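Colleague: Following this message is one structure expressed as structure tokens.
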Amino acid sequence: MTTLFKIVIIAAVLLIAPATVAEEKVLPRIAIVIDDLGNSRFQQQFAQLPGPLTLAMLPHTPYAERIAQTAQQNGKEVIIHMPMQASANADAGAGMLSSEDDKAETILLMEQAFIQLPQAVGMNNHMGSRLTALIEPMQWVMEQLALRNFYFLDSRTTAATQAETVAREFGIPVARRHVFLDNNPEPAEIALRWKDLIRHAHKHGEAIAIAHPHRSTLEFLKEVLPDIERHYGVKLVVASSLAQRPDTETIQLTEHKAIKP
């Protein structure tokens, strides 16, 4: 570990760690989701980090299946990081769900991802600032997830997202991202976003961070995860633990909602 990392970690602990955590206290819960996995053998190391992390695998990538298998063996949660169309029409990668797809095409692309990653128990969006803002494509997505008892994590790449609302209409457990941990992968910036994550968790009782497979992120997590409860007063859980299922009344009001074929 570099001297810079040591300084950053120590500073983060001093700034936000409680002096002690009472054994009987119910700790705030956090989930850490590692996105964009599957393109590099190096990314296998994220499946070997300590604790119940959630690993989001990109379908149609060369190492996705291998990393997912290792993740499952190591007690990690696996979800599908489904490529979805961005507002600027940036390429989200192979298997991207697009606003130009019809329902049959959407189902086919999702089925390919399900087959490739049988370890998955949920899904979140890769990019998707355009598609997640559209109600009908999100209905098609959530219908397929409901058939498999999946949960959905809204990465919230746009404030106009409809994904969370539509997921609730289909009775799917749903969660949302609160912090991007490493949009700037510099160690000092990661430490600041980590501080935001811990503060959000202590204020609201829970928080979800999305991170990416940068080497700096790997080194940071190696340092903070092993003693996370004592140093930060939070409990690490898989993202599905923070996904909330809609109440029965909400489901009954929307269960007959028409979906175009």
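Chain labels follow the order of the structure tokens: the first chain is A, the next B, and so on; residue numbering restarts at 1 in every chain, and ligands are counted from 1 in their shown order.
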As a list in words, which residues of range 35-147 of chain A does DSSP assign to strand (DSSP E or B)?

Modeller: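 Residues meeting the strand (DSSP E or B) criterion: Asp35, Asp36, Leu37, Thr54, Leu55, Ala56, Met57, Glu77, Val78, Ile79, Ile80, His81, Met82, Pro83, Met84, Leu97, Gly122, Met123, Asn124, Asn125, His126 and Met127 of chain A.
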
Colleague: I want to know what sits within 12 Å of Ser129 in chain A, based on only C-alpha atoms, with residues of the same chain fewer than 3 positions away left out; could you give that as an mmCIF file with N, CA, C and O atoms, in the first residue's frame?

Modeller:
data_model
loop_
_atom_site.group_PDB
_atom_site.id
_atom_site.type_symbol
_atom_site.label_atom_id
_atom_site.label_comp_id
_atom_site.auth_asym_id
_atom_site.auth_seq_id
_atom_site.Cartn_x
_atom_site.Cartn_y
_atom_site.Cartn_z
ATOM 1 N N PRO A 83 -26.635 -3.510 -20.029
ATOM 2 C CA PRO A 83 -26.407 -2.315 -20.853
ATOM 3 C C PRO A 83 -27.730 -1.730 -21.345
ATOM 4 O O PRO A 83 -28.583 -2.454 -21.867
ATOM 5 N N MET A 84 -27.892 -0.432 -21.157
ATOM 6 C CA MET A 84 -29.100 0.262 -21.596
ATOM 7 C C MET A 84 -28.719 1.567 -22.277
ATOM 8 O O MET A 84 -27.719 2.192 -21.930
ATOM 9 N N GLN A 85 -29.537 1.976 -23.198
ATOM 10 C CA GLN A 85 -29.265 3.135 -24.043
ATOM 11 C C GLN A 85 -29.113 4.419 -23.234
ATOM 12 O O GLN A 85 -29.923 4.718 -22.351
ATOM 13 N N ALA A 86 -28.062 5.180 -23.552
ATOM 14 C CA ALA A 86 -27.807 6.461 -22.905
ATOM 15 C C ALA A 86 -28.433 7.595 -23.707
ATOM 16 O O ALA A 86 -28.705 7.467 -24.901
ATOM 17 N N SER A 87 -28.634 8.725 -23.050
ATOM 18 C CA SER A 87 -29.282 9.858 -23.706
ATOM 19 C C SER A 87 -28.452 10.422 -24.847
ATOM 20 O O SER A 87 -28.976 10.935 -25.828
ATOM 21 N N ALA A 88 -27.138 10.328 -24.746
ATOM 22 C CA ALA A 88 -26.261 10.834 -25.805
ATOM 23 C C ALA A 88 -25.969 9.762 -26.847
ATOM 24 O O ALA A 88 -25.102 9.942 -27.701
ATOM 25 N N ASN A 89 -26.712 8.633 -26.771
ATOM 26 C CA ASN A 89 -26.531 7.503 -27.680
ATOM 27 C C ASN A 89 -25.114 6.946 -27.654
ATOM 28 O O ASN A 89 -24.619 6.416 -28.651
ATOM 29 N N ALA A 90 -24.461 7.058 -26.512
ATOM 30 C CA ALA A 90 -23.159 6.419 -26.346
ATOM 31 C C ALA A 90 -23.344 4.907 -26.346
ATOM 32 O O ALA A 90 -24.400 4.398 -25.953
ATOM 33 N N ASP A 91 -22.329 4.193 -26.808
ATOM 34 C CA ASP A 91 -22.401 2.741 -26.896
ATOM 35 C C ASP A 91 -22.280 2.131 -25.504
ATOM 36 O O ASP A 91 -21.249 2.265 -24.850
ATOM 37 N N ALA A 92 -23.326 1.462 -25.060
ATOM 38 C CA ALA A 92 -23.304 0.837 -23.740
ATOM 39 C C ALA A 92 -22.760 -0.580 -23.783
ATOM 40 O O ALA A 92 -22.674 -1.239 -22.748
ATOM 41 N N LEU A 97 -29.968 -2.782 -24.392
ATOM 42 C CA LEU A 97 -31.390 -2.548 -24.592
ATOM 43 C C LEU A 97 -31.573 -1.134 -25.122
ATOM 44 O O LEU A 97 -31.048 -0.180 -24.547
ATOM 45 N N SER A 98 -32.337 -1.001 -26.203
ATOM 46 C CA SER A 98 -32.487 0.284 -26.868
ATOM 47 C C SER A 98 -33.956 0.664 -26.979
ATOM 48 O O SER A 98 -34.846 -0.202 -27.003
ATOM 49 N N SER A 99 -34.202 1.953 -27.071
ATOM 50 C CA SER A 99 -35.571 2.439 -27.264
ATOM 51 C C SER A 99 -36.122 2.026 -28.628
ATOM 52 O O SER A 99 -37.325 2.082 -28.865
ATOM 53 N N ASN A 125 -28.815 -1.135 -14.059
ATOM 54 C CA ASN A 125 -28.590 -0.599 -15.398
ATOM 55 C C ASN A 125 -27.166 -0.110 -15.571
ATOM 56 O O ASN A 125 -26.612 0.576 -14.707
ATOM 57 N N HIS A 126 -26.569 -0.476 -16.710
ATOM 58 C CA HIS A 126 -25.284 0.075 -17.148
ATOM 59 C C HIS A 126 -25.592 1.210 -18.109
ATOM 60 O O HIS A 126 -26.203 1.005 -19.150
ATOM 61 N N THR A 132 -33.965 4.262 -19.203
ATOM 62 C CA THR A 132 -34.633 4.202 -17.896
ATOM 63 C C THR A 132 -35.645 5.328 -17.710
ATOM 64 O O THR A 132 -36.451 5.277 -16.783
ATOM 65 N N ALA A 133 -35.620 6.330 -18.590
ATOM 66 C CA ALA A 133 -36.584 7.424 -18.512
ATOM 67 C C ALA A 133 -37.863 7.121 -19.295
ATOM 68 O O ALA A 133 -38.807 7.918 -19.281
ATOM 69 N N LEU A 134 -37.899 5.975 -19.962
ATOM 70 C CA LEU A 134 -39.045 5.597 -20.788
ATOM 71 C C LEU A 134 -39.860 4.515 -20.091
ATOM 72 O O LEU A 134 -39.332 3.472 -19.708
ATOM 73 N N ASP A 154 -31.715 0.587 -9.163
ATOM 74 C CA ASP A 154 -31.668 1.730 -10.079
ATOM 75 C C ASP A 154 -30.361 2.476 -9.860
ATOM 76 O O ASP A 154 -30.150 3.079 -8.805
ATOM 77 N N SER A 155 -29.481 2.425 -10.870
ATOM 78 C CA SER A 155 -28.200 3.129 -10.766
ATOM 79 C C SER A 155 -28.373 4.637 -10.806
ATOM 80 O O SER A 155 -27.446 5.380 -10.469
ATOM 81 N N ARG A 156 -29.539 5.091 -11.233
ATOM 82 C CA ARG A 156 -29.892 6.511 -11.261
ATOM 83 C C ARG A 156 -28.860 7.325 -12.039
ATOM 84 O O ARG A 156 -28.225 8.241 -11.524
ATOM 85 N N THR A 157 -28.749 6.972 -13.320
ATOM 86 C CA THR A 157 -27.880 7.734 -14.218
ATOM 87 C C THR A 157 -28.592 8.954 -14.788
ATOM 88 O O THR A 157 -27.998 9.718 -15.540
ATOM 89 N N THR A 158 -29.862 9.121 -14.447
ATOM 90 C CA THR A 158 -30.620 10.318 -14.812
ATOM 91 C C THR A 158 -31.670 10.593 -13.741
ATOM 92 O O THR A 158 -32.245 9.653 -13.163
ATOM 93 N N ALA A 159 -31.912 11.869 -13.498
ATOM 94 C CA ALA A 159 -32.952 12.234 -12.542
ATOM 95 C C ALA A 159 -34.347 11.922 -13.079
ATOM 96 O O ALA A 159 -35.318 11.863 -12.318
ATOM 97 N N ALA A 160 -34.451 11.698 -14.407
ATOM 98 C CA ALA A 160 -35.745 11.414 -15.038
ATOM 99 C C ALA A 160 -36.087 9.922 -15.027
ATOM 100 O O ALA A 160 -37.077 9.518 -15.637
ATOM 101 N N THR A 161 -35.326 9.120 -14.350
ATOM 102 C CA THR A 161 -35.548 7.671 -14.357
ATOM 103 C C THR A 161 -36.960 7.290 -13.923
ATOM 104 O O THR A 161 -37.505 7.850 -12.969
ATOM 105 N N GLN A 162 -37.530 6.328 -14.643
ATOM 106 C CA GLN A 162 -38.830 5.750 -14.291
ATOM 107 C C GLN A 162 -38.677 4.338 -13.739
ATOM 108 O O GLN A 162 -39.671 3.706 -13.362
ATOM 109 N N ALA A 163 -37.442 3.851 -13.693
ATOM 110 C CA ALA A 163 -37.205 2.443 -13.374
ATOM 111 C C ALA A 163 -37.723 2.057 -11.999
ATOM 112 O O ALA A 163 -38.375 1.020 -11.827
#

Colleague: Pick out the residues sitting within 12 Å of Val121 in chain A, and hand them over as a PyMOL selection string; count only C-alpha atoms, and ignore anything fewer than 4 positions along from it in its own chain.

Modeller: chain A and resi 54-57+68+72+76-81+113-114+117+145-153+172-173+238-241+243

Colleague: For the residues in the current selection, export C-alpha atoms as a short mmCIF file (atom, residue, chain, number, x, y, z; two decimals), in the first residue's frame.

Modeller:
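Output saved as part_7.cif:
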data_model
loop_
_atom_site.label_atom_id
_atom_site.label_comp_id
_atom_site.auth_asym_id
_atom_site.auth_seq_id
_atom_site.Cartn_x
_atom_site.Cartn_y
_atom_site.Cartn_z
CA THR A 54 -22.54 -7.23 -4.72
CA LEU A 55 -20.83 -7.76 -8.07
CA ALA A 56 -22.57 -6.46 -11.19
CA MET A 57 -21.52 -8.41 -14.28
CA ALA A 68 -19.45 -14.67 -11.36
CA GLN A 72 -20.64 -17.00 -5.76
CA LYS A 76 -20.73 -12.54 -2.93
CA GLU A 77 -24.01 -11.54 -4.52
CA VAL A 78 -24.11 -11.51 -8.34
CA ILE A 79 -26.38 -9.29 -10.42
CA ILE A 80 -26.60 -8.50 -14.12
CA HIS A 81 -25.27 -5.09 -15.12
CA ALA A 113 -27.97 -12.37 -20.09
CA PHE A 114 -29.96 -14.69 -17.80
CA LEU A 117 -25.16 -15.51 -15.65
CA LEU A 145 -37.49 -9.64 -13.73
CA ALA A 146 -40.76 -10.36 -11.93
CA LEU A 147 -41.00 -13.74 -13.66
CA ARG A 148 -37.62 -14.67 -12.14
CA ASN A 149 -38.12 -13.11 -8.70
CA PHE A 150 -35.22 -10.71 -9.34
CA TYR A 151 -34.76 -7.39 -7.65
CA PHE A 152 -33.78 -4.19 -9.45
CA LEU A 153 -31.19 -1.65 -8.41
CA ILE A 172 -40.34 -6.14 -7.63
CA PRO A 173 -38.03 -5.41 -4.71
CA VAL A 238 -25.58 -7.31 -0.09
CA ALA A 239 -27.68 -4.88 -2.09
CA SER A 240 -30.71 -7.20 -2.16
CA SER A 241 -30.96 -6.74 1.63
CA ALA A 243 -34.24 -3.66 -1.80
#

Colleague: Could you name the residues that touch Lys203 in chain A at 10 Å or less, counting only C-alpha atoms, but leaving out those on the same chain fewer than 5 positions away, as a PyMOL selection string?

Modeller: chain A and resi 28+197-198

Colleague: Store the residues picked out above, limited to all heavy atoms, as an mmCIF file, in the first residue's frame.

Modeller:
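Result file follows (part.cif):
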data_model
loop_
_atom_site.group_PDB
_atom_site.id
_atom_site.type_symbol
_atom_site.label_atom_id
_atom_site.label_comp_id
_atom_site.auth_asym_id
_atom_site.auth_seq_id
_atom_site.Cartn_x
_atom_site.Cartn_y
_atom_site.Cartn_z
ATOM 1 N N PRO A 28 -26.341 1.024 11.173
ATOM 2 C CA PRO A 28 -26.776 1.350 9.814
ATOM 3 C C PRO A 28 -26.168 0.356 8.836
ATOM 4 O O PRO A 28 -25.065 -0.151 9.048
ATOM 5 C CB PRO A 28 -26.214 2.759 9.590
ATOM 6 C CG PRO A 28 -25.932 3.296 10.948
ATOM 7 C CD PRO A 28 -25.572 2.123 11.794
ATOM 8 N N LEU A 197 -20.865 8.444 1.885
ATOM 9 C CA LEU A 197 -21.614 7.195 2.037
ATOM 10 C C LEU A 197 -21.891 6.890 3.503
ATOM 11 O O LEU A 197 -23.032 6.579 3.883
ATOM 12 C CB LEU A 197 -20.824 6.044 1.398
ATOM 13 C CG LEU A 197 -21.410 4.642 1.570
ATOM 14 C CD1 LEU A 197 -22.677 4.497 0.738
ATOM 15 C CD2 LEU A 197 -20.391 3.575 1.172
ATOM 16 N N ILE A 198 -20.875 6.985 4.334
ATOM 17 C CA ILE A 198 -21.035 6.669 5.750
ATOM 18 C C ILE A 198 -21.985 7.660 6.420
ATOM 19 O O ILE A 198 -22.842 7.286 7.238
ATOM 20 C CB ILE A 198 -19.668 6.662 6.456
ATOM 21 C CG1 ILE A 198 -18.737 5.626 5.810
ATOM 22 C CG2 ILE A 198 -19.836 6.370 7.946
ATOM 23 C CD1 ILE A 198 -19.248 4.205 5.819
#

Colleague: Compile the contact shell of Gly75 in chain A as a ChimeraX atom specification: residues with an atom at most 9 Å away, counting only C-alpha atoms, same-chain residues fewer than 6 positions apart removed.

Modeller: /A:47,51-53

Colleague: Convert the current residue selection to file output with N, CA and C atoms, as a JSON list (two decimals), in the first residue's frame.

Modeller:
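Contents of the output file part-v4.json:
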[["chain", "number", "residue", "atom", "x", "y", "z"],
["A", 47, "ALA", "N", -13.80, -10.19, -6.61],
["A", 47, "ALA", "CA", -14.56, -11.32, -6.08],
["A", 47, "ALA", "C", -13.88, -11.95, -4.87],
["A", 51, "GLY", "N", -16.05, -9.77, 2.82],
["A", 51, "GLY", "CA", -17.37, -9.22, 3.08],
["A", 51, "GLY", "C", -18.39, -9.47, 1.98],
["A", 52, "PRO", "N", -19.66, -9.23, 2.30],
["A", 52, "PRO", "CA", -20.77, -9.49, 1.38],
["A", 52, "PRO", "C", -20.98, -8.38, 0.34],
["A", 53, "LEU", "N", -20.10, -8.32, -0.63],
["A", 53, "LEU", "CA", -20.22, -7.35, -1.71],
["A", 53, "LEU", "C", -21.21, -7.84, -2.75]]

Colleague: Rounded to one decimal, what separation in Å do you get between CA of Phe46 in chain A and CA of Arg193 in chain A?

Modeller: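 Here the two named atoms are 19.0 Å from each other.
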
Colleague: Looking only at helix (DSSP H, G or I) from DSSP on the backbone, list the matching residues of range 126-252 of chain A as a PyMOL selection string.

Modeller: chain A and resi 131-133+135-147+163-169+187-204+215-224+228-232+239-242+248-252

Colleague: For Arg66 in chain A, find every residue with an atom within 12 Å (counting only C-alpha atoms), except residues of its own chain fewer than 4 positions away, and show them as a list of chain:residue names.

Modeller: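 Result of the neighbour search: A:Leu37, A:Gly38, A:Asn39, A:Ser40, A:Arg41, A:Phe42, A:Gln43, A:Gln44, A:Gln45, A:Ala47, A:Met57, A:Leu58, A:Pro59, A:Thr61, A:Pro62, A:Thr70, A:Ala71, A:Gln72, A:Gln73, A:Val78, A:Gln116, A:Leu117, A:Pro118, A:Gln119.
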
Colleague: What does the structure give for the distance between CA of Pro187 in chain A and CA of Arg230 in chain A, in Å to one decimal?

Modeller: 21.7 Å

Colleague: So how far away is CA of Arg29 in chain A from CA of Trp194 in chain A, in Å?

Modeller: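 Pair CA of Trp194 in chain A / CA of Arg29 in chain A returns 13.8 Å.
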
Colleague: Could you check which of A:Glu65, A:Glu164, A:Glu143, A:Glu169 is closest to Ala120 in chain A, using only C-alpha atoms?

Modeller: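 With only C-alpha atoms as the atom set, the closest residue is A:Glu65.
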
Colleague: Find the spatial neighbours of Ala201 in chain A, counting only C-alpha atoms, within a cut-off of 12 Å - ignore same-chain residues fewer than 2 positions away - and output them as a PyMOL selection string.

Modeller: chain A and resi 16+27-31+178-179+194-199+203-209+232-236+242

Colleague: Filtering to N, CA and C atoms, could you give me those residues as a PDB file, in the first residue's frame?

Modeller:
ATOM      1  N   ILE A  16     -14.630  10.220  10.424  1.00  0.00           N
ATOM      2  CA  ILE A  16     -16.006   9.738  10.481  1.00  0.00           C
ATOM      3  C   ILE A  16     -16.215   8.525  11.348  1.00  0.00           C
ATOM      4  N   LEU A  27     -26.762  -1.381  13.821  1.00  0.00           N
ATOM      5  CA  LEU A  27     -25.902  -0.550  12.976  1.00  0.00           C
ATOM      6  C   LEU A  27     -26.595  -0.178  11.672  1.00  0.00           C
ATOM      7  N   PRO A  28     -26.341   1.024  11.173  1.00  0.00           N
ATOM      8  CA  PRO A  28     -26.776   1.350   9.814  1.00  0.00           C
ATOM      9  C   PRO A  28     -26.168   0.356   8.836  1.00  0.00           C
ATOM     10  N   ARG A  29     -26.885   0.102   7.747  1.00  0.00           N
ATOM     11  CA  ARG A  29     -26.416  -0.874   6.764  1.00  0.00           C
ATOM     12  C   ARG A  29     -25.972  -0.181   5.478  1.00  0.00           C
ATOM     13  N   ILE A  30     -24.893  -0.677   4.895  1.00  0.00           N
ATOM     14  CA  ILE A  30     -24.458  -0.188   3.595  1.00  0.00           C
ATOM     15  C   ILE A  30     -24.239  -1.367   2.658  1.00  0.00           C
ATOM     16  N   ALA A  31     -24.455  -1.125   1.385  1.00  0.00           N
ATOM     17  CA  ALA A  31     -24.136  -2.098   0.344  1.00  0.00           C
ATOM     18  C   ALA A  31     -23.168  -1.444  -0.632  1.00  0.00           C
ATOM     19  N   HIS A 178     -27.108   5.627  -3.953  1.00  0.00           N
ATOM     20  CA  HIS A 178     -27.008   6.912  -3.268  1.00  0.00           C
ATOM     21  C   HIS A 178     -25.701   7.636  -3.576  1.00  0.00           C
ATOM     22  N   VAL A 179     -24.619   6.890  -3.744  1.00  0.00           N
ATOM     23  CA  VAL A 179     -23.293   7.486  -3.947  1.00  0.00           C
ATOM     24  C   VAL A 179     -22.561   6.727  -5.042  1.00  0.00           C
ATOM     25  N   TRP A 194     -16.504   8.140   0.123  1.00  0.00           N
ATOM     26  CA  TRP A 194     -16.721   7.168   1.198  1.00  0.00           C
ATOM     27  C   TRP A 194     -17.298   7.867   2.435  1.00  0.00           C
ATOM     28  N   LYS A 195     -16.756   9.031   2.726  1.00  0.00           N
ATOM     29  CA  LYS A 195     -17.263   9.825   3.846  1.00  0.00           C
ATOM     30  C   LYS A 195     -18.734  10.179   3.623  1.00  0.00           C
ATOM     31  N   ASP A 196     -19.098  10.547   2.386  1.00  0.00           N
ATOM     32  CA  ASP A 196     -20.498  10.836   2.063  1.00  0.00           C
ATOM     33  C   ASP A 196     -21.369   9.600   2.295  1.00  0.00           C
ATOM     34  N   LEU A 197     -20.865   8.444   1.885  1.00  0.00           N
ATOM     35  CA  LEU A 197     -21.614   7.195   2.037  1.00  0.00           C
ATOM     36  C   LEU A 197     -21.891   6.890   3.503  1.00  0.00           C
ATOM     37  N   ILE A 198     -20.875   6.985   4.334  1.00  0.00           N
ATOM     38  CA  ILE A 198     -21.035   6.669   5.750  1.00  0.00           C
ATOM     39  C   ILE A 198     -21.985   7.660   6.420  1.00  0.00           C
ATOM     40  N   ARG A 199     -21.860   8.932   6.066  1.00  0.00           N
ATOM     41  CA  ARG A 199     -22.767   9.938   6.640  1.00  0.00           C
ATOM     42  C   ARG A 199     -24.213   9.676   6.241  1.00  0.00           C
ATOM     43  N   LYS A 203     -27.337   8.818   8.776  1.00  0.00           N
ATOM     44  CA  LYS A 203     -28.489   9.711   8.803  1.00  0.00           C
ATOM     45  C   LYS A 203     -29.786   8.991   8.468  1.00  0.00           C
ATOM     46  N   HIS A 204     -29.712   8.074   7.496  1.00  0.00           N
ATOM     47  CA  HIS A 204     -30.939   7.441   6.990  1.00  0.00           C
ATOM     48  C   HIS A 204     -31.071   5.964   7.359  1.00  0.00           C
ATOM     49  N   GLY A 205     -30.049   5.400   7.964  1.00  0.00           N
ATOM     50  CA  GLY A 205     -30.117   4.006   8.363  1.00  0.00           C
ATOM     51  C   GLY A 205     -29.570   3.027   7.356  1.00  0.00           C
ATOM     52  N   GLU A 206     -29.358   3.503   6.130  1.00  0.00           N
ATOM     53  CA  GLU A 206     -28.823   2.642   5.076  1.00  0.00           C
ATOM     54  C   GLU A 206     -28.314   3.488   3.918  1.00  0.00           C
ATOM     55  N   ALA A 207     -27.480   2.895   3.089  1.00  0.00           N
ATOM     56  CA  ALA A 207     -26.962   3.592   1.912  1.00  0.00           C
ATOM     57  C   ALA A 207     -26.362   2.569   0.955  1.00  0.00           C
ATOM     58  N   ILE A 208     -26.433   2.884  -0.338  1.00  0.00           N
ATOM     59  CA  ILE A 208     -25.857   2.021  -1.370  1.00  0.00           C
ATOM     60  C   ILE A 208     -24.868   2.829  -2.189  1.00  0.00           C
ATOM     61  N   ALA A 209     -23.671   2.278  -2.348  1.00  0.00           N
ATOM     62  CA  ALA A 209     -22.634   2.890  -3.184  1.00  0.00           C
ATOM     63  C   ALA A 209     -22.390   2.017  -4.405  1.00  0.00           C
ATOM     64  N   TYR A 232     -16.205   2.312  11.299  1.00  0.00           N
ATOM     65  CA  TYR A 232     -17.188   3.230  10.700  1.00  0.00           C
ATOM     66  C   TYR A 232     -18.593   3.085  11.278  1.00  0.00           C
ATOM     67  N   GLY A 233     -18.812   2.090  12.123  1.00  0.00           N
ATOM     68  CA  GLY A 233     -20.112   1.937  12.760  1.00  0.00           C
ATOM     69  C   GLY A 233     -21.227   1.578  11.803  1.00  0.00           C
ATOM     70  N   VAL A 234     -20.907   0.818  10.741  1.00  0.00           N
ATOM     71  CA  VAL A 234     -21.914   0.379   9.782  1.00  0.00           C
ATOM     72  C   VAL A 234     -21.747  -1.113   9.534  1.00  0.00           C
ATOM     73  N   LYS A 235     -22.814  -1.720   9.055  1.00  0.00           N
ATOM     74  CA  LYS A 235     -22.791  -3.141   8.720  1.00  0.00           C
ATOM     75  C   LYS A 235     -22.865  -3.295   7.212  1.00  0.00           C
ATOM     76  N   LEU A 236     -21.942  -4.057   6.629  1.00  0.00           N
ATOM     77  CA  LEU A 236     -21.925  -4.302   5.188  1.00  0.00           C
ATOM     78  C   LEU A 236     -22.880  -5.433   4.857  1.00  0.00           C
ATOM     79  N   LEU A 242     -31.238  -4.435   0.932  1.00  0.00           N
ATOM     80  CA  LEU A 242     -31.765  -3.079   1.027  1.00  0.00           C
ATOM     81  C   LEU A 242     -32.841  -2.794  -0.018  1.00  0.00           C
TER      82      LEU A 242
END

Colleague: Taking into account only C-alpha atoms, which residue in the set A:His60, A:Asn124, A:Ala211, A:Ser216 is nearest to Arg176 in chain A?

Modeller: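 Among A:His60, A:Asn124, A:Ala211, A:Ser216, it is A:Asn124 that comes nearest to Arg176 in chain A.
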
Colleague: Rank nothing, just name the residue among A:Ala64, A:Met96, A:Met142, A:Ile228 nearest to Arg130 in chain A, using only C-alpha atoms.

Modeller: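 Between A:Ala64, A:Met96, A:Met142, A:Ile228, the residue approaching Arg130 in chain A most closely is A:Met96.
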